[in-house]
Structure formats: C-alpha cells, structure tokens
$ cat data-v7.txt   # compact mmCIF, C-alpha atoms
# COMPACT_ATOMS: atom_id res chain seq x y z
CA MET A 1 -15.60 32.73 -11.20
CA PHE A 2 -13.08 35.04 -9.50
CA ILE A 3 -13.97 38.30 -7.83
CA ALA A 4 -13.51 41.46 -9.86
CA ASN A 5 -11.13 43.24 -7.52
CA ILE A 6 -8.34 40.74 -8.10
CA ASN A 7 -8.17 41.26 -11.83
CA ASP A 8 -5.90 44.29 -11.63
CA ASN A 9 -3.44 42.33 -9.52
CA MET A 10 -3.34 39.02 -11.37
CA GLU A 11 0.35 39.41 -12.14
CA LYS A 12 1.21 39.08 -8.44
CA TYR A 13 -0.50 35.72 -8.05
CA ILE A 14 0.62 32.25 -9.06
CA GLN A 15 -1.08 31.62 -12.40
CA GLN A 16 -2.77 28.49 -13.69
CA LYS A 17 -0.77 26.35 -16.13
CA THR A 18 -1.56 24.00 -18.96
CA LEU A 19 0.52 21.90 -21.34
CA GLY A 20 2.54 23.43 -24.13
CA GLY A 21 1.57 20.62 -26.50
CA THR A 22 -0.03 17.18 -26.76
CA ILE A 23 1.40 14.03 -25.17
CA GLU A 24 0.43 10.57 -26.41
CA PHE A 25 0.91 7.13 -24.89
CA SER A 26 -0.31 3.65 -25.69
CA GLY A 27 0.16 0.24 -24.15
CA ILE A 28 -1.43 -2.50 -22.11
CA ALA A 29 -4.00 -1.65 -19.45
CA LEU A 30 -3.18 -3.11 -16.03
CA HIS A 31 -6.57 -4.50 -15.06
CA THR A 32 -8.42 -5.18 -18.34
CA GLY A 33 -5.29 -6.52 -20.01
CA LYS A 34 -6.32 -4.81 -23.25
CA GLU A 35 -4.56 -2.25 -25.40
CA ALA A 36 -5.31 1.33 -24.41
CA SER A 37 -4.14 4.77 -25.47
CA VAL A 38 -4.27 8.26 -24.07
CA ARG A 39 -3.77 11.75 -25.52
CA ILE A 40 -3.12 14.48 -22.96
CA LEU A 41 -3.96 17.90 -24.38
CA PRO A 42 -3.87 21.54 -23.25
CA ALA A 43 -7.11 22.97 -21.86
CA GLU A 44 -8.61 26.34 -21.04
CA PRO A 45 -8.26 27.91 -17.57
CA ASP A 46 -10.55 26.51 -14.86
CA THR A 47 -11.03 23.27 -16.82
CA GLY A 48 -9.15 21.15 -14.31
CA TYR A 49 -8.67 17.58 -15.53
CA ARG A 50 -11.36 16.14 -17.80
CA PHE A 51 -11.39 12.72 -19.45
CA ARG A 52 -12.97 12.22 -22.87
CA LEU A 53 -13.71 8.69 -24.06
CA SER A 54 -12.66 8.87 -27.69
CA ASP A 55 -13.80 5.34 -28.56
CA VAL A 56 -17.32 5.68 -27.13
CA PRO A 57 -20.14 7.09 -29.29
CA GLY A 58 -20.69 10.76 -28.53
CA HIS A 59 -17.26 11.01 -26.87
CA PRO A 60 -18.66 11.45 -23.34
CA GLU A 61 -16.58 13.31 -20.79
CA VAL A 62 -15.92 12.54 -17.14
CA GLU A 63 -14.59 15.19 -14.78
CA ALA A 64 -11.67 14.13 -12.59
CA SER A 65 -13.57 14.68 -9.34
CA VAL A 66 -14.03 12.90 -6.04
CA HIS A 67 -17.75 12.99 -6.84
CA ASN A 68 -17.11 10.69 -9.82
CA ILE A 69 -15.07 8.00 -8.07
CA ARG A 70 -16.75 4.67 -8.77
CA ASP A 71 -14.21 2.09 -7.56
CA THR A 72 -11.12 2.04 -5.34
CA LEU A 73 -10.20 -1.65 -5.46
CA LEU A 74 -6.48 -1.78 -6.34
CA ALA A 75 -6.86 1.45 -8.35
CA THR A 76 -8.93 4.61 -8.56
CA SER A 77 -11.57 4.50 -11.26
CA LEU A 78 -14.00 7.22 -12.31
CA GLY A 79 -17.43 7.11 -13.88
CA PHE A 80 -20.30 9.32 -14.97
CA ASN A 81 -23.55 8.65 -16.82
CA GLY A 82 -22.76 4.99 -17.35
CA VAL A 83 -19.21 5.31 -18.68
CA SER A 84 -15.98 4.78 -16.76
CA ILE A 85 -12.22 5.24 -16.88
CA LYS A 86 -10.09 2.89 -14.82
CA THR A 87 -6.73 3.36 -13.09
CA VAL A 88 -6.37 7.12 -13.33
CA GLU A 89 -4.12 7.75 -10.31
CA HIS A 90 -0.66 7.50 -11.93
CA LEU A 91 -1.55 9.87 -14.77
CA LEU A 92 -3.22 12.34 -12.42
CA SER A 93 -0.25 12.15 -10.05
CA GLY A 94 2.09 12.96 -12.93
CA LEU A 95 0.03 15.97 -14.00
CA ALA A 96 -0.49 17.30 -10.48
CA GLY A 97 3.12 16.58 -9.55
CA CYS A 98 4.36 18.62 -12.53
CA GLY A 99 2.07 21.54 -11.67
CA VAL A 100 -0.39 21.13 -14.55
CA ASP A 101 -3.74 22.71 -13.63
CA ASN A 102 -5.79 22.16 -16.77
CA SER A 103 -5.81 19.30 -19.25
CA LEU A 104 -8.21 17.40 -21.50
CA ILE A 105 -7.37 13.69 -21.51
CA GLU A 106 -8.64 11.59 -24.41
CA VAL A 107 -8.78 7.88 -23.59
CA SER A 108 -9.32 4.89 -25.88
CA GLY A 109 -9.81 1.60 -24.10
CA GLN A 110 -11.52 3.02 -20.99
CA GLU A 111 -8.41 2.47 -18.86
CA ILE A 112 -5.18 4.45 -18.70
CA PRO A 113 -2.25 2.37 -20.04
CA ILE A 114 -0.06 1.28 -17.15
CA LEU A 115 3.24 1.88 -19.03
CA ASP A 116 6.02 1.05 -16.53
CA GLY A 117 3.77 1.20 -13.47
CA SER A 118 4.96 4.62 -12.33
CA ALA A 119 4.32 8.28 -13.18
CA ALA A 120 7.74 8.78 -14.76
CA PRO A 121 6.61 8.45 -18.42
CA PHE A 122 3.93 11.10 -17.87
CA VAL A 123 6.44 13.42 -16.21
CA ARG A 124 8.86 13.00 -19.11
CA GLY A 125 6.03 13.82 -21.51
CA VAL A 126 5.19 17.01 -19.62
CA GLU A 127 8.86 17.98 -19.60
CA MET A 128 9.05 17.49 -23.37
CA VAL A 129 6.13 19.79 -24.21
CA GLY A 130 6.61 22.21 -21.31
CA LEU A 131 4.03 24.26 -19.45
CA VAL A 132 2.21 27.40 -20.54
CA GLU A 133 1.19 29.98 -17.95
CA GLN A 134 -2.43 31.07 -18.29
CA ASP A 135 -3.88 34.48 -17.59
CA VAL A 136 -5.96 33.34 -14.62
CA PRO A 137 -4.71 33.00 -11.03
CA LYS A 138 -4.59 29.61 -9.37
CA ARG A 139 -6.93 28.99 -6.46
CA MET A 140 -5.66 26.76 -3.68
CA MET A 141 -7.34 25.04 -0.76
CA ARG A 142 -5.75 26.10 2.54
CA ILE A 143 -6.34 23.58 5.32
CA LEU A 144 -7.34 25.36 8.55
CA GLY A 145 -7.78 22.42 10.92
CA GLU A 146 -7.25 18.67 11.13
CA ILE A 147 -9.47 16.57 8.86
CA GLU A 148 -9.23 12.81 9.29
CA ALA A 149 -10.53 9.54 7.92
CA ARG A 150 -10.00 6.16 9.60
CA GLU A 151 -11.01 2.64 8.65
CA ASN A 152 -9.81 -0.84 9.64
CA GLY A 153 -6.47 0.33 11.01
CA SER A 154 -5.79 2.75 8.15
CA ARG A 155 -5.63 6.50 8.65
CA ALA A 156 -5.33 9.56 6.43
CA VAL A 157 -5.31 13.14 7.65
CA LEU A 158 -4.88 16.66 6.34
CA GLU A 159 -3.41 19.25 8.70
CA PRO A 160 -2.58 22.96 8.42
CA ALA A 161 0.86 23.73 6.99
CA ASP A 162 2.51 26.53 5.05
CA ARG A 163 2.92 24.38 1.91
CA PHE A 164 1.91 21.01 0.51
CA SER A 165 3.68 17.98 1.90
CA VAL A 166 3.02 14.25 2.07
CA SER A 167 4.23 11.84 4.72
CA PHE A 168 3.44 8.15 4.59
CA THR A 169 3.95 5.04 6.68
CA ILE A 170 3.53 1.47 5.47
CA ASP A 171 3.95 -1.76 7.39
CA PHE A 172 3.89 -5.04 5.45
CA ALA A 173 4.69 -8.49 6.81
CA HIS A 174 7.24 -9.07 4.05
CA PRO A 175 11.03 -9.15 4.57
CA LEU A 176 11.72 -6.75 1.69
CA ILE A 177 9.16 -4.12 2.77
CA GLY A 178 8.43 -4.22 6.48
CA HIS A 179 8.04 -0.79 8.08
CA GLN A 180 8.85 2.16 5.80
CA GLU A 181 8.31 5.87 6.36
CA MET A 182 8.93 8.91 4.18
CA GLU A 183 8.28 12.63 4.39
CA PHE A 184 8.05 14.48 1.10
CA ASP A 185 8.01 18.27 0.71
CA TYR A 186 6.34 18.92 -2.60
CA SER A 187 7.76 20.84 -5.50
CA PRO A 188 7.52 19.87 -9.19
CA GLU A 189 11.27 19.29 -9.26
CA ALA A 190 11.23 17.08 -6.17
CA PHE A 191 8.25 15.11 -7.48
CA GLY A 192 10.11 14.37 -10.70
CA SER A 193 13.29 13.21 -8.98
CA GLU A 194 12.02 11.59 -5.77
CA ILE A 195 8.53 10.18 -6.41
CA ALA A 196 7.61 9.79 -10.08
CA PHE A 197 9.84 6.75 -10.71
CA ALA A 198 8.27 4.56 -8.02
CA ARG A 199 6.30 1.64 -9.49
CA THR A 200 3.17 -0.07 -8.31
CA PHE A 201 3.83 -3.35 -6.55
CA GLY A 202 2.19 -6.64 -5.66
CA PHE A 203 2.79 -10.12 -4.33
CA LEU A 204 3.12 -13.26 -6.43
CA LYS A 205 0.94 -15.19 -3.98
CA ASP A 206 -1.96 -12.78 -4.67
CA VAL A 207 -1.81 -12.84 -8.47
CA GLN A 208 -4.18 -15.75 -9.10
CA GLY A 209 -6.75 -14.33 -6.70
CA MET A 210 -6.68 -10.99 -8.53
CA VAL A 211 -7.00 -12.66 -11.92
CA ASP A 212 -9.96 -14.68 -10.66
CA LYS A 213 -11.65 -11.35 -9.83
CA GLY A 214 -10.92 -9.96 -13.29
CA LEU A 215 -8.11 -7.72 -12.01
CA ALA A 216 -4.43 -7.32 -12.98
CA LEU A 217 -5.01 -9.13 -16.28
CA GLY A 218 -2.31 -6.98 -17.89
CA GLY A 219 0.15 -7.10 -15.00
CA SER A 220 3.72 -8.19 -15.67
CA LEU A 221 7.29 -7.62 -14.57
CA GLU A 222 7.36 -4.83 -17.15
CA ASN A 223 4.80 -2.70 -15.33
CA ALA A 224 4.92 -3.66 -11.65
CA VAL A 225 7.29 -4.71 -8.91
CA VAL A 226 6.39 -8.31 -8.08
CA LEU A 227 7.53 -9.86 -4.82
CA GLY A 228 8.01 -13.54 -4.15
CA ASP A 229 8.33 -14.88 -0.62
CA ASP A 230 11.84 -13.51 -0.14
CA ARG A 231 12.92 -11.70 -3.31
CA VAL A 232 12.00 -9.21 -5.99
CA LEU A 233 11.20 -11.12 -9.16
CA ASN A 234 11.93 -8.21 -11.53
CA PRO A 235 15.32 -8.75 -13.22
CA GLY A 236 16.40 -5.16 -12.56
CA GLY A 237 15.39 -5.23 -8.90
CA LEU A 238 14.13 -2.12 -7.13
CA ARG A 239 14.71 1.47 -8.24
CA SER A 240 15.25 2.41 -4.59
CA PRO A 241 15.08 0.36 -1.37
CA ASP A 242 12.00 2.33 -0.29
CA GLU A 243 10.28 2.31 -3.69
CA PHE A 244 7.18 0.91 -2.00
CA VAL A 245 6.46 3.86 0.28
CA ARG A 246 7.41 6.27 -2.49
CA HIS A 247 4.74 4.71 -4.69
CA LYS A 248 2.17 5.15 -1.93
CA ILE A 249 3.02 8.86 -1.90
CA LEU A 250 2.65 8.91 -5.70
CA ASP A 251 -0.79 7.29 -5.45
CA SER A 252 -1.91 9.71 -2.75
CA ILE A 253 -0.93 12.77 -4.79
CA GLY A 254 -2.95 11.38 -7.71
CA ASP A 255 -5.95 10.66 -5.51
CA LEU A 256 -5.87 14.07 -3.81
CA SER A 257 -5.92 15.78 -7.22
CA LEU A 258 -9.56 14.64 -7.42
CA LEU A 259 -10.43 17.46 -5.03
CA GLY A 260 -9.94 19.59 -8.15
CA ILE A 261 -7.70 22.14 -6.47
CA PRO A 262 -4.11 22.23 -5.14
CA ILE A 263 -3.74 21.92 -1.37
CA ILE A 264 -1.81 24.04 1.09
CA GLY A 265 -1.50 21.61 3.96
CA ALA A 266 0.15 18.42 5.14
CA TYR A 267 -1.22 15.01 4.18
CA LYS A 268 -0.29 12.11 6.46
CA GLY A 269 -1.11 8.53 5.55
CA PHE A 270 -0.74 5.40 7.67
CA LYS A 271 -1.43 2.14 5.84
CA ALA A 272 -3.70 4.23 3.63
CA GLY A 273 -4.92 3.37 0.15
CA HIS A 274 -7.32 4.58 -2.50
CA ARG A 275 -10.42 3.87 -0.40
CA ILE A 276 -9.24 5.79 2.67
CA ASN A 277 -8.12 8.68 0.44
CA ARG A 278 -11.62 8.81 -1.01
CA LEU A 279 -13.11 8.88 2.48
CA LEU A 280 -10.72 11.68 3.45
CA MET A 281 -11.70 13.80 0.44
CA GLN A 282 -15.37 13.25 1.18
CA GLU A 283 -14.72 14.41 4.73
CA VAL A 284 -12.96 17.51 3.40
CA LEU A 285 -15.97 18.47 1.30
CA ALA A 286 -18.31 17.76 4.20
CA ARG A 287 -16.41 20.16 6.49
CA PRO A 288 -16.02 23.49 4.65
CA GLU A 289 -15.31 25.28 7.93
CA MET A 290 -11.94 23.47 8.02
CA TRP A 291 -10.54 25.07 4.86
CA ASP A 292 -10.76 28.15 2.69
CA LEU A 293 -9.91 29.07 -0.88
CA VAL A 294 -6.96 31.37 -1.43
CA LEU A 295 -4.82 33.04 -4.06
CA VAL A 296 -1.08 32.87 -3.47
CA ALA A 297 1.51 35.51 -4.30
CA ASP A 298 4.29 34.64 -6.71
CA HIS A 299 7.73 35.83 -5.53
CA ASP A 300 10.24 35.79 -8.38
CA GLY A 301 8.71 32.69 -9.88
CA GLN A 302 8.80 30.76 -6.63
CA ASP A 303 5.66 29.29 -5.04
CA ARG A 304 6.10 30.80 -1.60
CA TYR A 305 3.03 30.89 0.57
CA ARG A 306 3.83 34.01 2.60
CA GLU A 307 1.25 36.29 1.02
CA ILE A 308 -2.17 34.72 0.81
CA ASP A 309 -5.44 36.43 -0.11
CA PRO A 310 -8.70 34.61 0.54
CA VAL A 311 -11.02 34.40 -2.43
CA ASP A 312 -14.06 36.56 -1.67
CA SER A 313 -16.57 33.77 -2.07
CA HIS A 314 -17.91 31.33 0.48
CA PRO A 315 -16.49 27.84 -0.09
CA LEU A 316 -19.95 26.31 -0.29
CA SER A 317 -20.61 28.34 -3.43
CA ILE A 318 -17.65 26.76 -5.19
CA THR A 319 -18.03 23.44 -6.99
CA LEU A 320 -14.78 21.54 -6.53

$ encode --input "data-v7.txt" --output "structure tokens"
Amino acid sequence: MFIANINDNMEKYIQQKTLGGTIEFSGIALHTGKEASVRILPAEPDTGYRFRLSDVPGHPEVEASVHNIRDTLLATSLGFNGVSIKTVEHLLSGLAGCGVDNSLIEVSGQEIPILDGSAAPFVRGVEMVGLVEQDVPKRMMRILGEIEARENGSRAVLEPADRFSVSFTIDFAHPLIGHQEMEFDYSPEAFGSEIAFARTFGFLKDVQGMVDKGLALGGSLENAVVLGDDRVLNPGGLRSPDEFVRHKILDSIGDLSLLGIPIIGAYKGFKAGHRINRLLMQEVLARPEMWDLVLVADHDGQDRYREIDPVDSHPLSITL
C-alpha cells in the first residue's frame, strides 16, 4: 500500500496505533431501547475501524466508511449488505480522539450502547489498555483548499491548516443554550479533557415525537441532557455551561473519522449535524484535487506537522 522508498525511513514518521488490549461495554441502546454490547479489539495496520456483528449469522463486517452511511437522523448509522449498526459516532469519536488508527469492533444488538451519552467511557477504556505503536506509518489527508457543504442554513467546511482543529457554532432558541461557539485545537490529551465528557442532548417537548418515530426508545436522564422549557432536568445539571457545543464537536470528530484517515486541516461547523457532515465528506471524496495524502514526521514523540512527505500515489488510486 505504501511506496517502497519510505520503508527505510519509517522510524521518522508518525506510526499507526492500535489498542493494547480489549475493551468491553454493555448497556441500553439509545434508539432501539434494547440491551447492546460492544467489544473493541486491537487490529492489524491499515485495518481502520471495522464493525463485526457478533449476534448475526456469519458475523458480517461493516467498514466504518462514509460510503456505508445509511442514516443520519439523530445519529450516524452504518450498513452494508443488508446489515446495520446504529449510533456509531460517540464510539468512533472516542477512538479517533485518542489517536487509535486500527480497531475491530464486535457489536451485539446492532447498536452501540449509549452509556452516559458521551465519549468519556470509551476514552477511559482506551486509557486503561493503552496504545501500541505499529510498524507502519500513518497516512493523513492534508486539505489544500476550501471544501464546503451547505443545506437549509447549516454549513460545514474544511480549510487548509497546519494541524487538525474543529470550530463550531450553534444557535438554539432556548434560554439555556442560545448562541455558543468553541474553537478546539486537537490533541489526544485535549480531546480527553475538553470534549469527551460532553453528553448528547435533547428537549423534553420533542421526546414523544421521537418515540412515535421509533427513536430515542432508550433515552433517559442517565444517558442524555434533557432540557425543559427553562431548566435542565438532569439532577446533576450540566458538566459545563457550554456542554452543548462541546458535544457537537464530539459528534463531528466521530463523523469525520468515516473518511478513514486523519485530517490535517480545520473543520468549521455552523448549525451542522450528521447529515451535513455526510455531505461534506462526500464533497471531499468528489474533489481529490483539494487534498493529498501525506506522511508526517515525528519529532520527539510530538505530532508536529513541519515535515510532510506526500505519498507517491495519486489520491484516486486510494480507497478511503
């Protein structure tokens, strides 16, 4: 997959990483309301993230890829050859946020358990087993020009930058949310402390409508921030005053991981959600002249993007 002339210099590049052990979780699924479980295992280099349905005959697998997105209503769900996995974004955000490149994810229940509604449990699991560096350099997608998706007043864009960052703006007609903005400069440490704890949220007035559509059947104050007309219904309140915009950043990092490759560039979202993120990723793949694939030098263990070598292969020949 990589060109031969980089093999002698692999030690200078940032290497791919996988888990140092297996992480297991079980609990209620947000939308089906049923019990679900997940085992997150190490995987070989260049695997990316792959889901295996352990409770389906033949244990079919679904690659975590933008090509396999099947639904973006209130969550990101994947499917392939007639099988599906619902609500993958928090788990994928936790893995990508921690710097995991390769993992096999075994799912029973066909939906990822919602746990506390954030990525924090997944991050704690990764921290417990640690990461193992693999003997293959990490490719990254370097954004060369602005790529944008717009729809119904929502906007998401990727722009050139010297590292990965996410900025987000939300604007809700609710007294406890209103207009919130945040800029986040990515690092695994910053993700764990600033983003991972932020929970998904919803409005009490919308609950019955979601249930009528077969959604949020497992939702509760244990796994989501629920807002009444003028107050947070959760007994513990918010984890931060801007937990809402932080969760939008969490979701976006999970969605963007479906490109299958880390990004060097700046993501900017305005009232964006899973659907607009999908449209943005489709636009990225449709415009290969706006990005290239690179290997990045590792300076004393720090991911510094000062020395970048393009991979000697045209992007169109790479399946992302």

$ residues_around --input "data-v7.txt" --residues "Asp55 of chain A" --least-positions-apart "4" --cutoff "9 Å" --atoms "all atoms listed in the file" --output "PyMOL selection string"
chain A and resi 59+107-110

$ closest_residue --input "data-v7.txt" --among "A:Arg150, A:Arg139, A:Lys213, A:Lys271" --to "Phe172 of chain A" --atoms "only C-alpha atoms"
A:Lys271

$ closest_residue --input "data-v7.txt" --among "A:Asp206, A:Asp229, A:Asp185, A:Glu133" --to "Pro45 of chain A" --atoms "all atoms listed in the file"
A:Glu133

$ residues_around --input "data-v7.txt" --residues "Phe122 of chain A" --least-positions-apart "5" --cutoff "12 Å" --atoms "all atoms listed in the file" --output "count of residues only"
35

$ axis_aligned_box --input "data-v7.txt" --around "segment 68-82 of chain A" --padding-each-side "5 Å" --output "AutoDock Vina command-line options"
--center_x -15.0 --center_y 4.5 --center_z -11.3 --size_x 27.1 --size_y 22.5 --size_z 22.0

$ residues_around --input "data-v7.txt" --residues "segment 31-34 of chain A" --least-positions-apart "5" --cutoff "9 Å" --atoms "only C-alpha atoms" --output "MDAnalysis selection string"
chainID A and resid 75 86:87 109 111 113:114 211 214:219

$ closest_residue --input "data-v7.txt" --among "A:Asn68, A:Thr76, A:Thr200, A:Ser103" --to "Gly21 of chain A" --atoms "only C-alpha atoms"
A:Ser103

$ closest_atom_pairs --input "data-v7.txt" --of "segment 161-202 of chain A" --to "segment 279-300 of chain A" --cutoff "12 Å" --atoms "all atoms listed in the file" --output "tab-separated table"
residue	atom	partner	partner_atom	distance
A:Ala161	CA	A:Trp291	CA	11.7
A:Asp162	CA	A:Val296	CA	11.2
A:Arg163	CA	A:Val296	CA	10.8

$ decode --input "data-v7.txt" --residues "segment 169-180 of chain A" --atoms "all heavy atoms" --output "mmCIF file, in the first residue's frame"
data_model
loop_
_atom_site.group_PDB
_atom_site.id
_atom_site.type_symbol
_atom_site.label_atom_id
_atom_site.label_comp_id
_atom_site.auth_asym_id
_atom_site.auth_seq_id
_atom_site.Cartn_x
_atom_site.Cartn_y
_atom_site.Cartn_z
ATOM 1 N N THR A 169 -20.269 26.440 15.832
ATOM 2 C CA THR A 169 -21.236 27.437 16.283
ATOM 3 C C THR A 169 -22.621 26.809 16.283
ATOM 4 O O THR A 169 -23.025 26.179 15.306
ATOM 5 C CB THR A 169 -21.249 28.661 15.355
ATOM 6 O OG1 THR A 169 -19.950 29.257 15.334
ATOM 7 C CG2 THR A 169 -22.265 29.689 15.837
ATOM 8 N N ILE A 170 -23.330 26.967 17.409
ATOM 9 C CA ILE A 170 -24.726 26.548 17.471
ATOM 10 C C ILE A 170 -25.574 27.740 17.884
ATOM 11 O O ILE A 170 -25.084 28.697 18.495
ATOM 12 C CB ILE A 170 -24.944 25.376 18.453
ATOM 13 C CG1 ILE A 170 -24.487 25.750 19.873
ATOM 14 C CG2 ILE A 170 -24.216 24.139 17.976
ATOM 15 C CD1 ILE A 170 -24.817 24.675 20.912
ATOM 16 N N ASP A 171 -26.829 27.686 17.546
ATOM 17 C CA ASP A 171 -27.751 28.776 17.869
ATOM 18 C C ASP A 171 -29.138 28.188 18.049
ATOM 19 O O ASP A 171 -29.826 27.902 17.067
ATOM 20 C CB ASP A 171 -27.734 29.822 16.752
ATOM 21 C CG ASP A 171 -28.338 31.150 17.181
ATOM 22 O OD1 ASP A 171 -28.825 31.232 18.333
ATOM 23 O OD2 ASP A 171 -28.342 32.097 16.381
ATOM 24 N N PHE A 172 -29.538 27.966 19.301
ATOM 25 C CA PHE A 172 -30.831 27.373 19.615
ATOM 26 C C PHE A 172 -31.705 28.405 20.320
ATOM 27 O O PHE A 172 -31.228 29.177 21.159
ATOM 28 C CB PHE A 172 -30.665 26.168 20.542
ATOM 29 C CG PHE A 172 -30.154 24.922 19.871
ATOM 30 C CD1 PHE A 172 -28.800 24.711 19.706
ATOM 31 C CD2 PHE A 172 -31.040 23.959 19.414
ATOM 32 C CE1 PHE A 172 -28.324 23.553 19.098
ATOM 33 C CE2 PHE A 172 -30.581 22.797 18.802
ATOM 34 C CZ PHE A 172 -29.226 22.593 18.643
ATOM 35 N N ALA A 173 -32.978 28.395 19.999
ATOM 36 C CA ALA A 173 -33.933 29.291 20.649
ATOM 37 C C ALA A 173 -34.355 28.694 21.991
ATOM 38 O O ALA A 173 -35.524 28.339 22.215
ATOM 39 C CB ALA A 173 -35.145 29.514 19.746
ATOM 40 N N HIS A 174 -33.369 28.531 22.873
ATOM 41 C CA HIS A 174 -33.628 28.010 24.215
ATOM 42 C C HIS A 174 -32.778 28.819 25.188
ATOM 43 O O HIS A 174 -31.584 29.055 24.926
ATOM 44 C CB HIS A 174 -33.277 26.526 24.307
ATOM 45 C CG HIS A 174 -33.747 25.893 25.579
ATOM 46 N ND1 HIS A 174 -33.099 26.070 26.785
ATOM 47 C CD2 HIS A 174 -34.823 25.096 25.842
ATOM 48 C CE1 HIS A 174 -33.734 25.397 27.724
ATOM 49 N NE2 HIS A 174 -34.781 24.803 27.177
ATOM 50 N N PRO A 175 -33.343 29.244 26.305
ATOM 51 C CA PRO A 175 -32.604 30.146 27.214
ATOM 52 C C PRO A 175 -31.326 29.564 27.787
ATOM 53 O O PRO A 175 -30.416 30.316 28.146
ATOM 54 C CB PRO A 175 -33.617 30.443 28.323
ATOM 55 C CG PRO A 175 -34.638 29.343 28.240
ATOM 56 C CD PRO A 175 -34.709 28.979 26.790
ATOM 57 N N LEU A 176 -31.205 28.231 27.844
ATOM 58 C CA LEU A 176 -30.002 27.632 28.417
ATOM 59 C C LEU A 176 -28.946 27.293 27.363
ATOM 60 O O LEU A 176 -27.843 26.871 27.713
ATOM 61 C CB LEU A 176 -30.366 26.374 29.200
ATOM 62 C CG LEU A 176 -31.215 26.596 30.456
ATOM 63 C CD1 LEU A 176 -31.478 25.283 31.150
ATOM 64 C CD2 LEU A 176 -30.539 27.577 31.404
ATOM 65 N N ILE A 177 -29.273 27.461 26.091
ATOM 66 C CA ILE A 177 -28.292 27.197 25.034
ATOM 67 C C ILE A 177 -27.982 28.488 24.286
ATOM 68 O O ILE A 177 -26.897 29.035 24.406
ATOM 69 C CB ILE A 177 -28.793 26.124 24.042
ATOM 70 C CG1 ILE A 177 -29.162 24.835 24.766
ATOM 71 C CG2 ILE A 177 -27.700 25.829 23.007
ATOM 72 C CD1 ILE A 177 -29.672 23.732 23.863
ATOM 73 N N GLY A 178 -28.951 28.969 23.532
ATOM 74 C CA GLY A 178 -28.729 30.196 22.769
ATOM 75 C C GLY A 178 -27.599 30.039 21.770
ATOM 76 O O GLY A 178 -27.447 29.001 21.119
ATOM 77 N N HIS A 179 -26.767 31.077 21.684
ATOM 78 C CA HIS A 179 -25.633 31.092 20.758
ATOM 79 C C HIS A 179 -24.379 30.656 21.508
ATOM 80 O O HIS A 179 -23.994 31.282 22.496
ATOM 81 C CB HIS A 179 -25.452 32.502 20.194
ATOM 82 C CG HIS A 179 -24.353 32.611 19.186
ATOM 83 N ND1 HIS A 179 -24.563 32.492 17.826
ATOM 84 C CD2 HIS A 179 -23.011 32.831 19.336
ATOM 85 C CE1 HIS A 179 -23.429 32.643 17.180
ATOM 86 N NE2 HIS A 179 -22.467 32.841 18.078
ATOM 87 N N GLN A 180 -23.742 29.582 21.041
ATOM 88 C CA GLN A 180 -22.498 29.109 21.641
ATOM 89 C C GLN A 180 -21.479 28.857 20.543
ATOM 90 O O GLN A 180 -21.821 28.335 19.476
ATOM 91 C CB GLN A 180 -22.710 27.813 22.443
ATOM 92 C CG GLN A 180 -23.580 27.976 23.658
ATOM 93 C CD GLN A 180 -23.649 26.699 24.505
ATOM 94 O OE1 GLN A 180 -23.037 25.688 24.199
ATOM 95 N NE2 GLN A 180 -24.392 26.767 25.601
#
